[in-house]
Structure formats: structure tokens, C-alpha cells
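Text of input_24.txt (compact mmCIF, C-alpha atoms) as supplied:
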# COMPACT_ATOMS: atom_id res chain seq x y z
CA MET A 595 -7.78 -44.92 -5.62
CA THR A 596 -10.12 -47.83 -5.19
CA LEU A 597 -12.28 -48.81 -8.16
CA ARG A 598 -15.24 -51.17 -7.77
CA ILE A 599 -17.78 -52.32 -10.35
CA ILE A 600 -21.15 -52.89 -8.68
CA PRO A 601 -24.72 -53.54 -9.82
CA ALA A 602 -26.42 -50.26 -10.75
CA THR A 603 -29.05 -48.64 -8.57
CA LEU A 604 -31.46 -45.83 -9.39
CA ARG A 605 -29.73 -43.61 -6.84
CA ASP A 606 -26.21 -44.12 -8.25
CA LEU A 607 -27.24 -43.76 -11.90
CA SER A 608 -29.28 -40.63 -11.08
CA TYR A 609 -26.26 -39.10 -9.36
CA ILE A 610 -24.01 -39.85 -12.33
CA ALA A 611 -26.60 -38.50 -14.79
CA ALA A 612 -26.90 -35.28 -12.77
CA ASN A 613 -23.11 -34.83 -12.90
CA LEU A 614 -22.28 -35.84 -16.48
CA ARG A 615 -19.05 -34.78 -18.12
CA PRO A 616 -19.79 -32.23 -20.89
CA GLU A 617 -19.16 -34.68 -23.76
CA ASP A 618 -21.65 -37.22 -22.40
CA ARG A 619 -24.23 -34.52 -21.66
CA ALA A 620 -23.92 -33.24 -25.25
CA GLU A 621 -24.35 -36.77 -26.60
CA ILE A 622 -27.50 -37.36 -24.55
CA ASP A 623 -28.94 -33.88 -25.19
CA CYS A 624 -28.90 -34.36 -28.94
CA GLN A 625 -30.56 -37.79 -28.80
CA LEU A 626 -33.39 -37.15 -26.35
CA ASP A 627 -35.95 -34.35 -26.58
CA HIS A 628 -36.71 -34.28 -22.87
CA TRP A 629 -34.72 -36.05 -20.20
CA SER A 630 -33.84 -35.77 -16.56
CA PRO A 631 -31.23 -37.61 -14.50
CA VAL A 632 -33.90 -39.87 -12.98
CA LEU A 633 -35.49 -40.65 -16.36
CA LEU A 634 -32.10 -41.49 -17.87
CA ALA A 635 -31.31 -43.71 -14.86
CA LEU A 636 -34.65 -45.53 -15.12
CA THR A 637 -34.07 -46.14 -18.82
CA ALA A 638 -30.59 -47.52 -18.10
CA LEU A 639 -32.02 -50.04 -15.64
CA GLN A 640 -33.95 -51.78 -18.43
CA GLY A 641 -31.16 -54.29 -19.03
CA PHE A 642 -27.85 -55.23 -17.50
CA ALA A 643 -26.58 -52.13 -15.71
CA TYR A 644 -23.46 -51.47 -13.68
CA VAL A 645 -21.77 -48.58 -11.89
CA ALA A 646 -18.08 -47.88 -11.55
CA GLU A 647 -17.35 -46.48 -8.11
CA LEU A 648 -14.13 -44.60 -7.53
CA ASP A 649 -13.26 -44.20 -3.86
CA SER A 650 -16.87 -45.14 -2.98
CA ASN A 651 -18.35 -42.46 -5.26
CA PRO A 652 -20.37 -43.42 -8.38
CA GLU A 653 -18.54 -42.05 -11.42
CA ALA A 654 -19.76 -44.03 -14.45
CA GLY A 655 -22.72 -46.12 -15.51
CA PHE A 656 -22.62 -48.70 -18.27
CA GLY A 657 -24.53 -51.68 -19.54
CA ALA A 658 -26.60 -53.16 -22.33
CA ALA A 659 -30.31 -53.65 -22.98
CA GLU A 660 -32.18 -55.79 -25.48
CA GLN A 661 -34.08 -53.72 -28.03
CA ARG A 662 -35.71 -56.69 -29.73
CA SER A 663 -34.94 -60.38 -29.94
CA GLY A 664 -31.20 -60.72 -30.52
CA LEU A 665 -30.45 -56.98 -30.90
CA TRP A 666 -28.90 -55.18 -27.95
CA ILE A 667 -27.77 -51.61 -27.35
CA ALA A 668 -24.65 -50.93 -25.26
CA TRP A 669 -24.38 -47.64 -23.39
CA SER A 670 -22.11 -45.77 -20.99
CA TRP A 671 -21.85 -42.31 -19.53
CA GLY A 672 -20.04 -40.75 -16.62
CA THR A 673 -18.75 -37.81 -14.65
CA ARG A 674 -15.53 -35.93 -15.25
CA ARG A 675 -13.70 -38.76 -13.43
CA VAL A 676 -14.85 -41.44 -15.90
CA LYS A 677 -11.40 -41.72 -17.53
CA ARG A 678 -10.03 -43.18 -14.30
CA CYS A 679 -12.74 -45.86 -14.44
CA VAL A 680 -12.20 -46.95 -18.06
CA PRO A 681 -9.68 -49.75 -17.33
CA GLY A 682 -12.00 -51.38 -14.76
CA ILE A 683 -15.07 -50.97 -16.93
CA THR A 684 -13.21 -52.47 -19.89
CA ALA A 685 -12.17 -55.50 -17.84
CA HIS A 686 -15.74 -55.96 -16.55
CA PHE A 687 -17.13 -55.56 -20.06
CA HIS A 688 -14.98 -58.43 -21.34
CA ALA A 689 -15.23 -60.69 -18.27
CA VAL A 690 -18.92 -60.24 -17.38
CA LEU A 691 -21.14 -58.02 -19.53
CA ALA A 692 -20.21 -59.45 -22.93
CA CYS A 693 -20.72 -62.96 -21.55
CA GLN A 694 -24.13 -62.06 -20.10
CA VAL A 695 -25.31 -60.58 -23.39
CA ALA A 696 -23.97 -63.54 -25.40
CA ALA A 697 -25.68 -65.97 -23.00
CA ARG A 698 -28.99 -64.19 -23.69
CA GLY A 699 -28.71 -65.04 -27.39
CA ALA A 700 -27.60 -61.67 -28.73
CA TRP A 701 -26.57 -61.77 -32.37
CA ARG A 702 -25.71 -58.06 -32.54
CA VAL A 703 -24.86 -55.35 -30.02
CA GLU A 704 -24.83 -51.74 -31.22
CA ALA A 705 -23.45 -48.54 -29.75
CA ARG A 706 -23.71 -45.03 -31.12
CA ALA A 707 -21.31 -42.24 -30.24
CA LEU A 708 -21.37 -38.54 -31.03
CA ALA A 709 -18.68 -37.85 -33.61
CA ALA A 710 -17.23 -35.15 -31.33
CA ASN A 711 -17.00 -37.55 -28.33
CA HIS A 712 -13.39 -38.62 -28.97
CA LEU A 713 -13.02 -40.60 -25.72
CA ALA A 714 -16.06 -42.71 -26.60
CA LEU A 715 -14.85 -43.32 -30.15
CA ARG A 716 -11.40 -44.49 -29.03
CA TRP A 717 -12.85 -46.62 -26.26
CA LEU A 718 -15.35 -48.42 -28.51
CA GLY A 719 -12.48 -49.41 -30.76
CA ARG A 720 -10.49 -50.71 -27.79
CA LEU A 721 -13.53 -52.71 -26.66
CA GLY A 722 -13.41 -54.55 -29.96
CA ALA A 723 -16.40 -52.88 -31.60
CA THR A 724 -16.39 -52.40 -35.36
CA GLN A 725 -17.12 -48.92 -36.70
CA ARG A 726 -19.84 -49.54 -39.29
CA CYS A 727 -20.78 -46.10 -40.57
CA ARG A 728 -21.12 -42.40 -39.95
CA LEU A 729 -24.70 -41.40 -39.19
CA LEU A 730 -24.96 -37.97 -40.80
CA GLY A 731 -27.40 -35.67 -39.05
CA TYR A 732 -28.44 -38.37 -36.53
CA GLY A 733 -28.67 -35.90 -33.62
CA ARG A 734 -31.77 -33.76 -33.23
CA ASN A 735 -29.77 -30.66 -34.17
CA GLY A 736 -27.98 -32.33 -37.08
CA GLU A 737 -25.04 -33.75 -35.11
CA ASP A 738 -23.15 -36.63 -36.68
CA PHE A 739 -22.73 -39.94 -34.87
CA PHE A 740 -20.82 -43.13 -35.54
CA LEU A 741 -22.46 -46.55 -35.36
CA TYR A 742 -20.37 -49.34 -33.85
CA ASP A 743 -21.28 -52.96 -33.31
CA TRP A 744 -20.20 -56.34 -32.06
CA THR A 745 -21.67 -59.40 -33.76
CA ARG A 746 -21.97 -62.98 -32.60
CA GLU A 747 -18.83 -63.81 -34.57
CA GLY A 748 -16.97 -61.30 -32.40
CA TRP A 749 -17.71 -63.14 -29.19
CA ASN A 750 -18.06 -66.74 -30.39
CA HIS A 751 -14.88 -67.60 -28.47
CA VAL A 752 -16.80 -67.32 -25.17
CA SER A 753 -17.34 -70.79 -23.72
CA LEU A 754 -20.63 -71.82 -22.15
CA SER A 755 -18.92 -72.44 -18.81
CA LYS A 756 -17.57 -68.89 -18.89
CA THR A 757 -21.01 -67.42 -19.64
CA ALA A 758 -22.56 -69.46 -16.84
CA GLY A 759 -19.91 -68.10 -14.49
CA ALA A 760 -20.73 -64.54 -15.55
CA GLU A 761 -24.43 -65.09 -14.83
CA THR A 762 -23.59 -66.48 -11.40
CA SER A 763 -21.20 -63.66 -10.54
CA ALA A 764 -23.84 -61.08 -11.45
CA ALA A 765 -26.41 -62.55 -9.05
CA ASP A 766 -26.98 -61.27 -5.56
CA PRO A 767 -27.24 -63.63 -2.53
CA ASP A 768 -30.91 -64.26 -3.36
CA HIS A 769 -29.86 -65.21 -6.93
CA ARG A 770 -31.63 -62.27 -8.57
CA ARG A 771 -29.71 -60.76 -11.49
CA GLN A 772 -28.57 -57.25 -10.70
CA GLY A 773 -29.24 -54.34 -13.00
CA ARG A 774 -32.24 -56.02 -14.61
CA ALA A 775 -35.65 -54.46 -15.10
CA GLY A 776 -36.82 -56.31 -11.99
CA ALA A 777 -34.61 -54.07 -9.90
CA ARG A 778 -36.42 -51.11 -11.41
CA SER A 779 -39.83 -52.45 -10.45
CA ARG A 780 -38.70 -53.03 -6.86
CA ALA A 781 -37.58 -49.41 -6.67
CA SER A 782 -40.78 -48.02 -8.09
CA GLY A 783 -43.15 -49.79 -5.95
Take the structure in the file and give it back as C-alpha cells.
Amino acid sequence: MTLRIIPATLRDLSYIAANLRPEDRAEIDCQLDHWSPVLLALTALQGFAYVAELDSNPEAGFGAAEQRSGLWIAWSWGTRRVKRCVPGITAHFHAVLACQVAARGAWRVEARALAANHLALRWLGRLGATQRCRLLGYGRNGEDFFLYDWTREGWNHVSLSKTAGAETSAADPDHRRQGRAGARSRASG
């Protein structure tokens, strides 16, 4: 099996969103009143966004987007084959995504996971996130979630040269950052 992490596209994220594993679909269903694969993909392209390809097929999307100055939200969702992508996504998260977010001045990155999404809960812990609290009744049908976060203190070991390298590695040949909102505007018109 060949795993590649590539900049996200609307097409790849839409495909993944249309073929979500049941746990990820349940998590999204109880947070959004109305969504479609394309709408979810467009939302994901608001920040840094990546796709994990397994044997040239998009299987997982992940990234982070700034909600307001200094506060970011990390996200991920995938198909039934997402478990095979977790090691590569984890490595990319530490080597590239965390550095990109830190270089943008983030002081806090949050992630929420449905309490019943055991893979997500274990993975957030392995990514170094701190479980802050249980969000009782957070879902639109009363589902419980857990709030995790990373704070600046959690990534203060990242050197400036390392963050500059992450920014460079995430640029295409024309030096445009991939997975940014600009990619969305090119796709829409």
C-alpha cells in the first residue's frame, strides 16, 4: 500500500465526505443541521487542508482553520480505510501542519470529538492533545462530545527554521500555499 499526503482539493474532499465511515458521519450529522459532501469539503478548504491518499484513492481529509485571531480548529474525517492512513497523517501533523499553525501565531488549537467515536478519542491523545472537558449534550440530539486542545506551550519546542521549512514544503511550484481559502476561490470561479 502506498500512502501519500497531498494538498486537499474540492474533488478529493467531496469524495471522502460522500464515503464517510459511520463514526465520522454520525459526528458530522449531530453537529450540522444541513450538510452535503460538497458543502463539508468547501468548509474544510477554509484553512490548511490535506488529503491522505491510499493507493491513489483519497481516504481521509484533515487540517486546521483559524476561527478568530489565535484560535484554530483542527478537523479530520475519512472513509472506512482511514485507519490505514493514521500513521502517515500523524507524521504529517507533527512535521508540517502543527508547524504551519504555530507559524501563523496560534495560541490555541481545539478539536471536538463525539464521545462514541473511540478512534478519534484515542488518536487525539496520541497527537498530544489534552482532553479538557466533556461537553454534555453538545450534539443537536443531545450527544456528548469531548473537547481537546493544544496550546502554544505544547508546541513551543518548534524552531523558527522548522516552521519556515514547513511553509516552504506546503507551497506549490508557484509558491501558493495549498489547502488555503485561495484554492477554494480558484475552484469556484
Stretch 672-686 of chain A environment, 6 Å, all atoms listed in the file, sequence neighbours closer than 2 positions dropped, as a short mmCIF file (atom, residue, chain, number, x, y, z; two decimals) with C-alpha atoms, in the coordinates of the input:
data_model
loop_
_atom_site.label_atom_id
_atom_site.label_comp_id
_atom_site.auth_asym_id
_atom_site.auth_seq_id
_atom_site.Cartn_x
_atom_site.Cartn_y
_atom_site.Cartn_z
CA ILE A 610 -24.01 -39.85 -12.33
CA ASN A 613 -23.11 -34.83 -12.90
CA LEU A 614 -22.28 -35.84 -16.48
CA ARG A 615 -19.05 -34.78 -18.12
CA GLU A 653 -18.54 -42.05 -11.42
CA ALA A 654 -19.76 -44.03 -14.45
CA HIS A 688 -14.98 -58.43 -21.34
CA ALA A 689 -15.23 -60.69 -18.27
CA VAL A 690 -18.92 -60.24 -17.38
#
May I have the residues within 6 Å of stretch 737-740 of chain A as number ranges by chain, using all atoms listed in the file and disregarding those fewer than 2 positions away in the same chain?
A: 706-709, 727-733, 735
Which residue, A:Ala668, A:Ile600, A:Ala697, A:His628, has the smallest gap to A:Tyr742 when you use only C-alpha atoms?
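Of all the options, A:Ala668 lies closest to A:Tyr742.
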Could you tell me which of A:Cys693, A:Val703, A:Leu636, A:Leu741 comes closest to A:Leu715 if we count only C-alpha atoms?
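Under the stated criterion, the closest residue is A:Leu741.
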Find the distance between atom CA of A:Trp744 and atom CA of A:Val632 and write it in Å to one decimal.
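Those two atoms sit 28.7 Å apart.
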